[in-house]
$ cat protein_20.cif   # mmCIF, C-alpha atoms
data_upload
loop_
_atom_site.label_atom_id
_atom_site.label_comp_id
_atom_site.auth_asym_id
_atom_site.auth_seq_id
_atom_site.Cartn_x
_atom_site.Cartn_y
_atom_site.Cartn_z
CA MET A 1 178.98 -86.52 106.77
CA ARG A 2 177.04 -83.64 105.22
CA GLU A 3 175.46 -80.43 106.45
CA ILE A 4 171.69 -79.91 106.18
CA GLN A 5 169.03 -77.68 107.68
CA PHE A 6 166.69 -78.84 110.41
CA ARG A 7 163.72 -78.67 108.02
CA ASP A 8 165.55 -80.96 105.60
CA ALA A 9 166.22 -83.43 108.40
CA VAL A 10 162.46 -83.60 108.97
CA LYS A 11 161.79 -84.07 105.25
CA GLU A 12 164.49 -86.71 104.81
CA ALA A 13 163.26 -88.73 107.76
CA MET A 14 159.67 -88.72 106.53
CA SER A 15 160.58 -89.38 102.89
CA GLU A 16 162.96 -92.24 103.65
CA GLU A 17 160.38 -93.93 105.85
CA MET A 18 157.61 -93.41 103.28
CA ARG A 19 159.76 -95.05 100.60
CA ARG A 20 160.33 -97.99 102.93
CA ASP A 21 156.72 -98.43 104.08
CA GLU A 22 153.67 -97.71 101.89
CA THR A 23 151.36 -97.54 104.92
CA ILE A 24 152.93 -94.23 105.99
CA PHE A 25 151.27 -90.99 104.92
CA LEU A 26 151.56 -87.31 105.87
CA MET A 27 148.50 -85.20 106.65
CA GLY A 28 148.11 -81.61 107.80
CA GLU A 29 147.53 -78.01 106.88
CA GLU A 30 149.57 -76.86 103.84
CA VAL A 31 151.81 -79.95 103.84
CA ALA A 32 151.19 -80.70 100.14
CA GLU A 33 150.58 -77.91 97.62
CA TYR A 34 152.45 -75.32 99.69
CA ASN A 35 155.31 -77.74 100.52
CA GLY A 36 154.70 -77.26 104.25
CA ALA A 37 154.23 -74.10 106.29
CA TYR A 38 157.96 -74.28 107.15
CA LYS A 39 158.95 -76.12 103.93
CA ALA A 40 159.56 -79.31 105.92
CA SER A 41 157.67 -81.38 103.32
CA GLN A 42 159.01 -79.68 100.19
CA GLY A 43 158.80 -81.92 97.14
CA MET A 44 156.99 -84.73 98.93
CA LEU A 45 153.71 -84.22 97.08
CA ASP A 46 155.51 -84.60 93.77
CA GLU A 47 157.19 -87.83 94.89
CA PHE A 48 154.40 -89.55 96.81
CA GLY A 49 151.23 -88.06 95.34
CA PRO A 50 148.03 -86.66 96.89
CA LYS A 51 146.96 -89.95 98.48
CA ARG A 52 150.00 -89.98 100.75
CA VAL A 53 150.69 -86.25 101.22
CA ILE A 54 147.32 -84.77 102.12
CA ASP A 55 146.29 -81.16 102.64
CA THR A 56 143.55 -80.67 105.21
CA PRO A 57 141.16 -77.90 106.22
CA ILE A 58 141.92 -75.94 109.38
CA ALA A 59 140.28 -78.65 111.50
CA GLU A 60 142.82 -80.25 113.83
CA LEU A 61 140.28 -82.35 115.72
CA GLY A 62 139.03 -83.80 112.45
CA PHE A 63 142.30 -84.75 110.79
CA ALA A 64 143.83 -85.94 114.07
CA GLY A 65 140.85 -88.27 114.43
CA ILE A 66 141.27 -89.52 110.86
CA GLY A 67 144.91 -90.24 111.66
CA VAL A 68 144.07 -92.17 114.83
CA GLY A 69 141.47 -94.26 112.98
CA ALA A 70 143.91 -94.98 110.16
CA ALA A 71 146.62 -96.01 112.64
CA ILE A 72 144.29 -98.40 114.45
CA ASN A 73 143.46 -99.96 111.08
CA GLY A 74 147.02 -100.66 109.95
CA CYS A 75 148.49 -97.41 108.64
CA ARG A 76 151.30 -95.29 110.12
CA PRO A 77 150.13 -91.68 109.79
CA ILE A 78 152.26 -88.60 110.37
CA ILE A 79 149.98 -85.76 111.48
CA GLU A 80 151.49 -82.29 111.26
CA PHE A 81 150.21 -79.45 113.41
CA MET A 82 151.22 -76.05 112.09
CA THR A 83 152.08 -75.39 115.74
CA PHE A 84 151.43 -77.44 118.85
CA ASN A 85 149.39 -74.52 120.15
CA PHE A 86 146.75 -75.75 117.69
CA SER A 87 147.00 -79.32 119.01
CA LEU A 88 144.75 -78.19 121.86
CA VAL A 89 141.87 -78.41 119.40
CA ALA A 90 142.78 -82.07 118.81
CA ILE A 91 143.92 -83.02 122.30
CA ASP A 92 140.85 -85.20 122.93
CA GLN A 93 141.83 -87.46 120.03
CA ILE A 94 145.45 -87.57 121.19
CA ILE A 95 144.82 -88.30 124.87
CA ASN A 96 141.46 -90.08 124.90
CA SER A 97 141.91 -92.10 121.72
CA ALA A 98 145.52 -92.53 120.58
CA ALA A 99 147.06 -92.84 124.05
CA LYS A 100 144.41 -95.17 125.47
CA ILE A 101 143.41 -97.54 122.68
CA MET A 102 146.07 -100.14 123.50
CA ALA A 103 144.97 -100.37 127.14
CA MET A 104 141.24 -100.09 126.46
CA SER A 105 141.34 -102.81 123.79
CA ALA A 106 143.39 -105.14 126.03
CA GLY A 107 146.21 -105.05 123.49
CA GLN A 108 144.06 -105.85 120.46
CA TYR A 109 144.80 -102.47 118.81
CA SER A 110 147.96 -100.42 118.65
CA CYS A 111 148.16 -96.84 117.41
CA PRO A 112 151.44 -96.23 115.52
CA ILE A 113 151.03 -92.52 114.79
CA VAL A 114 153.31 -89.48 114.96
CA PHE A 115 151.93 -86.04 115.80
CA ARG A 116 154.62 -83.52 114.87
CA GLY A 117 155.13 -79.78 114.49
CA PRO A 118 156.74 -76.77 116.19
CA THR A 119 156.55 -76.05 119.90
CA GLY A 120 157.29 -73.05 122.09
CA ASN A 121 158.14 -69.44 121.49
CA ALA A 122 159.01 -68.42 117.93
CA GLY A 123 159.38 -64.68 118.42
CA GLN A 124 156.71 -62.03 118.59
CA LEU A 125 153.71 -64.26 117.94
CA GLY A 126 151.72 -63.49 121.07
CA ALA A 127 150.60 -65.58 124.02
CA GLN A 128 148.36 -68.01 122.10
CA HIS A 129 151.12 -69.06 119.69
CA SER A 130 154.08 -69.30 122.08
CA GLN A 131 153.33 -72.12 124.50
CA ASN A 132 155.15 -75.29 125.52
CA PHE A 133 153.06 -78.39 126.11
CA GLU A 134 155.79 -81.03 126.36
CA ASN A 135 154.95 -81.63 130.03
CA TRP A 136 151.22 -81.83 129.26
CA PHE A 137 151.67 -84.67 126.81
CA ALA A 138 154.43 -86.30 128.87
CA ASN A 139 151.94 -86.58 131.73
CA THR A 140 149.84 -89.01 129.66
CA PRO A 141 150.46 -92.78 129.88
CA GLY A 142 150.45 -94.30 126.39
CA LEU A 143 152.28 -91.43 124.69
CA LYS A 144 155.96 -90.97 123.94
CA VAL A 145 157.25 -87.39 123.72
CA VAL A 146 160.36 -86.51 121.70
CA VAL A 147 162.02 -83.06 121.51
CA PRO A 148 165.11 -82.97 119.23
CA SER A 149 167.84 -80.36 119.69
CA ASN A 150 169.54 -80.25 116.26
CA PRO A 151 169.24 -81.69 112.72
CA TYR A 152 171.18 -84.87 113.56
CA GLU A 153 168.95 -85.63 116.53
CA CYS A 154 165.85 -84.69 114.55
CA LYS A 155 166.36 -87.12 111.70
CA GLY A 156 167.43 -90.07 113.83
CA LEU A 157 164.68 -89.60 116.38
CA LEU A 158 161.93 -88.93 113.83
CA LYS A 159 162.73 -92.14 111.96
CA ALA A 160 162.57 -94.02 115.26
CA SER A 161 159.26 -92.33 116.08
CA ILE A 162 157.68 -93.26 112.74
CA ARG A 163 158.67 -96.89 113.24
CA ASP A 164 157.45 -97.01 116.84
CA ASN A 165 154.23 -98.91 117.52
CA ASP A 166 153.04 -96.37 120.10
CA PRO A 167 151.72 -92.84 119.47
CA VAL A 168 154.60 -90.35 119.52
CA ILE A 169 154.45 -86.59 120.07
CA PHE A 170 157.39 -85.16 118.08
CA MET A 171 157.96 -81.53 119.03
CA GLU A 172 160.23 -79.33 116.91
CA SER A 173 161.01 -75.62 117.15
CA GLU A 174 159.90 -73.09 114.58
CA GLN A 175 163.06 -71.10 115.27
CA MET A 176 165.25 -74.10 114.47
CA TYR A 177 164.01 -75.01 110.99
CA GLY A 178 166.84 -72.99 109.40
CA ASP A 179 169.52 -74.31 111.77
CA LYS A 180 172.25 -76.32 110.09
CA GLY A 181 174.01 -79.42 111.36
CA MET A 182 176.06 -82.41 110.25
CA ILE A 183 174.43 -85.79 109.69
CA PRO A 184 175.76 -89.12 108.36
CA ASP A 185 175.35 -89.97 104.68
CA GLY A 186 173.79 -93.35 105.41
CA GLU A 187 170.73 -94.34 107.39
CA TYR A 188 170.83 -94.04 111.15
CA ILE A 189 168.24 -94.24 113.93
CA LEU A 190 168.52 -92.87 117.46
CA PRO A 191 166.83 -94.70 120.34
CA ILE A 192 163.79 -93.22 122.02
CA GLY A 193 164.30 -92.94 125.78
CA LYS A 194 168.10 -92.63 125.83
CA ALA A 195 169.61 -89.26 126.79
CA ASN A 196 172.74 -87.90 125.14
CA VAL A 197 175.72 -86.65 127.16
CA ILE A 198 176.80 -83.85 124.83
CA GLN A 199 179.88 -83.03 126.83
CA GLU A 200 181.42 -84.30 130.03
CA GLY A 201 182.35 -82.05 132.94
CA LYS A 202 183.18 -82.18 136.63
CA ASP A 203 181.68 -79.15 138.38
CA VAL A 204 177.95 -79.12 137.56
CA THR A 205 175.41 -80.98 135.45
CA ILE A 206 173.04 -79.05 133.19
CA VAL A 207 170.00 -80.98 131.97
CA SER A 208 167.98 -79.60 129.06
CA PHE A 209 166.37 -80.50 125.73
CA GLY A 210 165.19 -79.04 122.43
CA LYS A 211 165.85 -75.45 121.43
CA MET A 212 167.26 -74.52 124.83
CA ILE A 213 170.42 -76.54 124.11
CA SER A 214 171.67 -74.40 121.22
CA ARG A 215 169.99 -71.10 122.06
CA VAL A 216 170.72 -70.89 125.79
CA VAL A 217 172.76 -73.68 127.33
CA LEU A 218 175.72 -73.97 124.94
CA PRO A 219 176.38 -70.20 124.93
CA ALA A 220 176.18 -70.23 128.74
CA ILE A 221 178.63 -73.13 128.95
CA GLU A 222 181.06 -71.29 126.68
CA GLN A 223 181.07 -68.29 129.02
CA LEU A 224 181.32 -70.47 132.13
CA ALA A 225 184.32 -72.28 130.68
CA LYS A 226 186.17 -68.95 130.45
CA GLU A 227 185.70 -68.69 134.21
CA GLY A 228 187.06 -72.17 134.80
CA ILE A 229 183.69 -73.86 135.44
CA SER A 230 183.40 -77.33 133.89
CA VAL A 231 179.83 -78.27 132.87
CA GLU A 232 178.48 -81.70 132.00
CA LEU A 233 175.61 -81.25 129.53
CA ILE A 234 172.81 -83.79 129.12
CA ASP A 235 170.29 -83.56 126.29
CA LEU A 236 167.25 -85.57 127.39
CA ARG A 237 166.08 -86.02 123.77
CA THR A 238 162.83 -87.57 125.02
CA VAL A 239 160.72 -86.35 127.93
CA ARG A 240 158.59 -89.47 127.98
CA PRO A 241 160.23 -91.81 128.66
CA ILE A 242 162.93 -89.90 130.58
CA ASP A 243 166.38 -91.43 130.90
CA TYR A 244 166.66 -90.83 134.63
CA GLN A 245 169.69 -93.06 135.06
CA THR A 246 171.97 -90.95 132.87
CA VAL A 247 170.97 -87.85 134.84
CA VAL A 248 171.46 -89.50 138.23
CA ASP A 249 174.84 -90.95 137.22
CA SER A 250 176.00 -87.51 136.09
CA VAL A 251 174.90 -85.78 139.29
CA LYS A 252 176.62 -88.44 141.39
CA LYS A 253 179.81 -87.28 139.66
CA THR A 254 179.32 -83.48 139.62
CA ASN A 255 177.20 -83.17 142.83
CA ARG A 256 175.28 -80.19 141.42
CA CYS A 257 172.52 -79.74 138.88
CA VAL A 258 170.71 -77.04 136.91
CA VAL A 259 167.71 -77.86 134.71
CA VAL A 260 166.92 -75.47 131.84
CA GLU A 261 163.48 -75.79 130.25
CA GLU A 262 161.31 -73.51 128.11
CA ALA A 263 158.06 -74.09 129.96
CA TRP A 264 156.04 -72.76 132.87
CA PRO A 265 157.47 -73.94 136.21
CA LEU A 266 154.46 -75.69 137.79
CA ALA A 267 154.49 -79.47 137.12
CA ALA A 268 157.16 -79.08 134.44
CA ILE A 269 159.70 -81.63 133.20
CA SER A 270 162.24 -79.76 135.34
CA SER A 271 160.02 -80.41 138.38
CA GLU A 272 160.11 -84.13 137.64
CA ILE A 273 163.88 -84.18 137.19
CA THR A 274 164.33 -82.26 140.44
CA TYR A 275 162.12 -84.67 142.37
CA HIS A 276 163.90 -87.68 140.95
CA LEU A 277 167.31 -86.32 141.91
CA GLN A 278 166.29 -85.62 145.51
CA ARG A 279 164.82 -89.14 145.67
CA TYR A 280 167.70 -91.06 144.10
CA ALA A 281 170.77 -88.80 144.38
CA PHE A 282 170.08 -86.83 147.56
CA ASP A 283 173.24 -87.92 149.37
CA HIS A 284 175.35 -86.85 146.39
CA LEU A 285 173.97 -83.31 146.10
CA ASP A 286 176.17 -80.51 147.46
CA ALA A 287 173.50 -77.88 146.65
CA PRO A 288 169.78 -77.77 145.91
CA VAL A 289 168.85 -78.29 142.26
CA ILE A 290 167.96 -75.02 140.51
CA ARG A 291 165.47 -74.80 137.64
CA VAL A 292 165.55 -72.17 134.91
CA ASN A 293 162.03 -71.97 133.46
CA ASN A 294 159.73 -69.46 131.82
CA MET A 295 158.24 -66.95 134.19
CA ASP A 296 154.79 -68.10 135.31
CA ILE A 297 152.87 -65.81 132.94
CA PRO A 298 151.59 -65.89 129.35
CA LEU A 299 154.27 -64.76 126.92
CA HIS A 300 153.70 -61.15 125.90
CA TYR A 301 154.37 -59.63 122.49
CA ALA A 302 156.96 -56.98 123.38
CA PRO A 303 160.56 -58.18 122.79
CA THR A 304 161.67 -56.77 126.13
CA LEU A 305 159.03 -58.83 127.91
CA ILE A 306 159.94 -61.94 125.89
CA GLU A 307 163.55 -61.59 127.01
CA ALA A 308 162.48 -61.14 130.62
CA THR A 309 160.10 -64.11 130.53
CA LEU A 310 162.07 -66.90 128.83
CA PRO A 311 165.15 -68.80 130.03
CA ASN A 312 168.28 -67.04 128.81
CA VAL A 313 172.05 -67.23 128.99
CA ALA A 314 172.37 -64.82 131.93
CA ARG A 315 169.82 -66.66 134.08
CA THR A 316 171.51 -69.98 133.29
CA ILE A 317 174.95 -68.69 134.23
CA ASP A 318 173.53 -67.25 137.44
CA ALA A 319 171.91 -70.59 138.32
CA VAL A 320 175.17 -72.46 137.78
CA LYS A 321 177.06 -70.04 139.99
CA LYS A 322 174.41 -70.34 142.70
CA VAL A 323 174.65 -74.13 142.88
CA MET A 324 178.43 -73.69 143.11
CA TYR A 325 178.06 -70.96 145.74
CA LYS A 326 179.96 -68.50 143.55
CA LYS A 327 179.06 -64.85 143.01
#
$ encode --input "protein_20.cif" --output "structure tokens"
Amino acid sequence: MREIQFRDAVKEAMSEEMRRDETIFLMGEEVAEYNGAYKASQGMLDEFGPKRVIDTPIAELGFAGIGVGAAINGCRPIIEFMTFNFSLVAIDQIINSAAKIMAMSAGQYSCPIVFRGPTGNAGQLGAQHSQNFENWFANTPGLKVVVPSNPYECKGLLKASIRDNDPVIFMESEQMYGDKGMIPDGEYILPIGKANVIQEGKDVTIVSFGKMISRVVLPAIEQLAKEGISVELIDLRTVRPIDYQTVVDSVKKTNRCVVVEEAWPLAAISSEITYHLQRYAFDHLDAPVIRVNNMDIPLHYAPTLIEATLPNVARTIDAVKKVMYKK
């Protein structure tokens, strides 16, 4: 085992796959000469050259479309958005082309492409640069949506995404690129669509994914443990497909559930989890499921408003105590 940063997990996954398969290339803003906006492609231009590590203009619709066309014609592009806020410019190509070509061509064409980059709040960047669209993309048949929670998960899931024959939305966190974690020395791949039970518990299940795991949920669990509350933690890893069975099995054991998600509450992933639990685990629930989401407003610039808007440790602890009917 060795310790690496999240950004290096991204780079290693891409580089290893590009060495294995010459049809893979990386395209996006500042991925080449600048070594990536977050240094997640550092050194890749030197190794693979300008035909496989390609800088683009600030034109997401254009280079996303080039990627989709290349994928349909036998390549495996990796398209980097400097932030998924900018993917809105390219969302027509993602949803109307990449996600639908398999169905519309009656299986004649596949679209093995990865759209990747940071998602969500990254500090005081304002409302237009602080949004979560995991649920938007997860609502689209034909796409897979992956949200890793640490460097180990990132590398294993990104390699799986690059090898997948369907279009994959791979959503990282700008705040996590410097996070460190242990990964194996050899090659490993994590399955898309299989949740990870990070720790077992008996009192309540917390379901979450991505940055919320390390930034909010684990610190909350640590404090709850001091009060004698045993939490079972599930990292979804992928939000399309969702591993419902692991969640249902956990709730059948703990009888309570809290879902923590950095996203607006209406039609969120947490909404879907909550519905599924009342449909398939209703008789096992001893309390209503509680969701901890963003407040239903654009994220403001002021740090005090950011703290009040986003899921945090205190709100998560409060939600756990409510489902346990504790004060």
$ resolve_selection --input "protein_20.cif" --expression "the PyMOL selection byres ((chain A and resi 91-94) around 10)" --output "NGL selection string"
:A and (60-69 or 84 or 86-90 or 95-100 or 113 or 115 or 137 or 140 or 142-143 or 167-169)
$ atom_distance --input "protein_20.cif" --atom1 "CA of Thr83 in chain A" --atom2 "CA of Ser270 in chain A"
22.5 Å
$ residues_around --input "protein_20.cif" --residues "range 71-75 of chain A" --least-positions-apart "6" --cutoff "7 Å" --atoms "all atoms listed in the file" --output "number ranges by chain"
A: 23-24, 109-113
$ write_last_selection --input "protein_20.cif" --atoms "C-alpha atoms" --output "PDB file, in the frame of the given file"
ATOM      1  CA  THR A  23     151.360 -97.540 104.920  1.00  0.00           C
ATOM      2  CA  ILE A  24     152.930 -94.230 105.990  1.00  0.00           C
ATOM      3  CA  TYR A 109     144.800-102.470 118.810  1.00  0.00           C
ATOM      4  CA  SER A 110     147.960-100.420 118.650  1.00  0.00           C
ATOM      5  CA  CYS A 111     148.160 -96.840 117.410  1.00  0.00           C
ATOM      6  CA  PRO A 112     151.440 -96.230 115.520  1.00  0.00           C
ATOM      7  CA  ILE A 113     151.030 -92.520 114.790  1.00  0.00           C
TER       8      ILE A 113
END
$ closest_residue --input "protein_20.cif" --among "A:Glu262, A:Glu80, A:Glu187, A:Glu22" --to "Ala160 in chain A" --atoms "all atoms listed in the file"
A:Glu187
$ atom_distance --input "protein_20.cif" --atom1 "CA of Ala103 in chain A" --atom2 "CA of Met171 in chain A"
24.3 Å
$ atom_distance --input "protein_20.cif" --atom1 "CA of Gly156 in chain A" --atom2 "CA of Leu45 in chain A"
22.4 Å
$ decode --input "protein_20.cif" --residues "range 70-83 of chain A" --atoms "N, CA and C atoms" --output "PDB file, in the first residue's frame"
ATOM      1  N   ALA A  70     -16.063  10.972 -31.479  1.00  0.00           N
ATOM      2  CA  ALA A  70     -14.908  10.072 -31.445  1.00  0.00           C
ATOM      3  C   ALA A  70     -15.273   8.739 -30.791  1.00  0.00           C
ATOM      4  N   ALA A  71     -16.088   8.806 -29.718  1.00  0.00           N
ATOM      5  CA  ALA A  71     -16.481   7.578 -29.026  1.00  0.00           C
ATOM      6  C   ALA A  71     -17.334   6.685 -29.923  1.00  0.00           C
ATOM      7  N   ILE A  72     -18.248   7.288 -30.663  1.00  0.00           N
ATOM      8  CA  ILE A  72     -19.109   6.523 -31.558  1.00  0.00           C
ATOM      9  C   ILE A  72     -18.282   5.842 -32.646  1.00  0.00           C
ATOM     10  N   ASN A  73     -17.133   6.450 -32.979  1.00  0.00           N
ATOM     11  CA  ASN A  73     -16.299   5.931 -34.060  1.00  0.00           C
ATOM     12  C   ASN A  73     -15.093   5.130 -33.567  1.00  0.00           C
ATOM     13  N   GLY A  74     -15.148   4.632 -32.320  1.00  0.00           N
ATOM     14  CA  GLY A  74     -14.161   3.652 -31.903  1.00  0.00           C
ATOM     15  C   GLY A  74     -13.128   4.098 -30.890  1.00  0.00           C
ATOM     16  N   CYS A  75     -13.137   5.365 -30.496  1.00  0.00           N
ATOM     17  CA  CYS A  75     -12.206   5.825 -29.469  1.00  0.00           C
ATOM     18  C   CYS A  75     -12.861   5.768 -28.088  1.00  0.00           C
ATOM     19  N   ARG A  76     -12.054   6.017 -27.052  1.00  0.00           N
ATOM     20  CA  ARG A  76     -12.562   6.085 -25.680  1.00  0.00           C
ATOM     21  C   ARG A  76     -12.099   7.405 -25.060  1.00  0.00           C
ATOM     22  N   PRO A  77     -12.791   8.492 -25.364  1.00  0.00           N
ATOM     23  CA  PRO A  77     -12.350   9.807 -24.887  1.00  0.00           C
ATOM     24  C   PRO A  77     -12.611   9.999 -23.395  1.00  0.00           C
ATOM     25  N   ILE A  78     -11.753  10.788 -22.769  1.00  0.00           N
ATOM     26  CA  ILE A  78     -11.986  11.320 -21.430  1.00  0.00           C
ATOM     27  C   ILE A  78     -12.120  12.828 -21.594  1.00  0.00           C
ATOM     28  N   ILE A  79     -13.283  13.368 -21.320  1.00  0.00           N
ATOM     29  CA  ILE A  79     -13.542  14.793 -21.481  1.00  0.00           C
ATOM     30  C   ILE A  79     -13.568  15.434 -20.100  1.00  0.00           C
ATOM     31  N   GLU A  80     -12.650  16.361 -19.867  1.00  0.00           N
ATOM     32  CA  GLU A  80     -12.595  17.031 -18.563  1.00  0.00           C
ATOM     33  C   GLU A  80     -13.298  18.378 -18.628  1.00  0.00           C
ATOM     34  N   PHE A  81     -14.246  18.567 -17.718  1.00  0.00           N
ATOM     35  CA  PHE A  81     -14.813  19.896 -17.495  1.00  0.00           C
ATOM     36  C   PHE A  81     -14.086  20.531 -16.310  1.00  0.00           C
ATOM     37  N   MET A  82     -13.693  21.790 -16.455  1.00  0.00           N
ATOM     38  CA  MET A  82     -12.989  22.444 -15.362  1.00  0.00           C
ATOM     39  C   MET A  82     -13.848  22.451 -14.094  1.00  0.00           C
ATOM     40  N   THR A  83     -15.151  22.462 -14.269  1.00  0.00           N
ATOM     41  CA  THR A  83     -16.123  22.212 -13.204  1.00  0.00           C
ATOM     42  C   THR A  83     -17.401  21.773 -13.886  1.00  0.00           C
TER      43      THR A  83
END
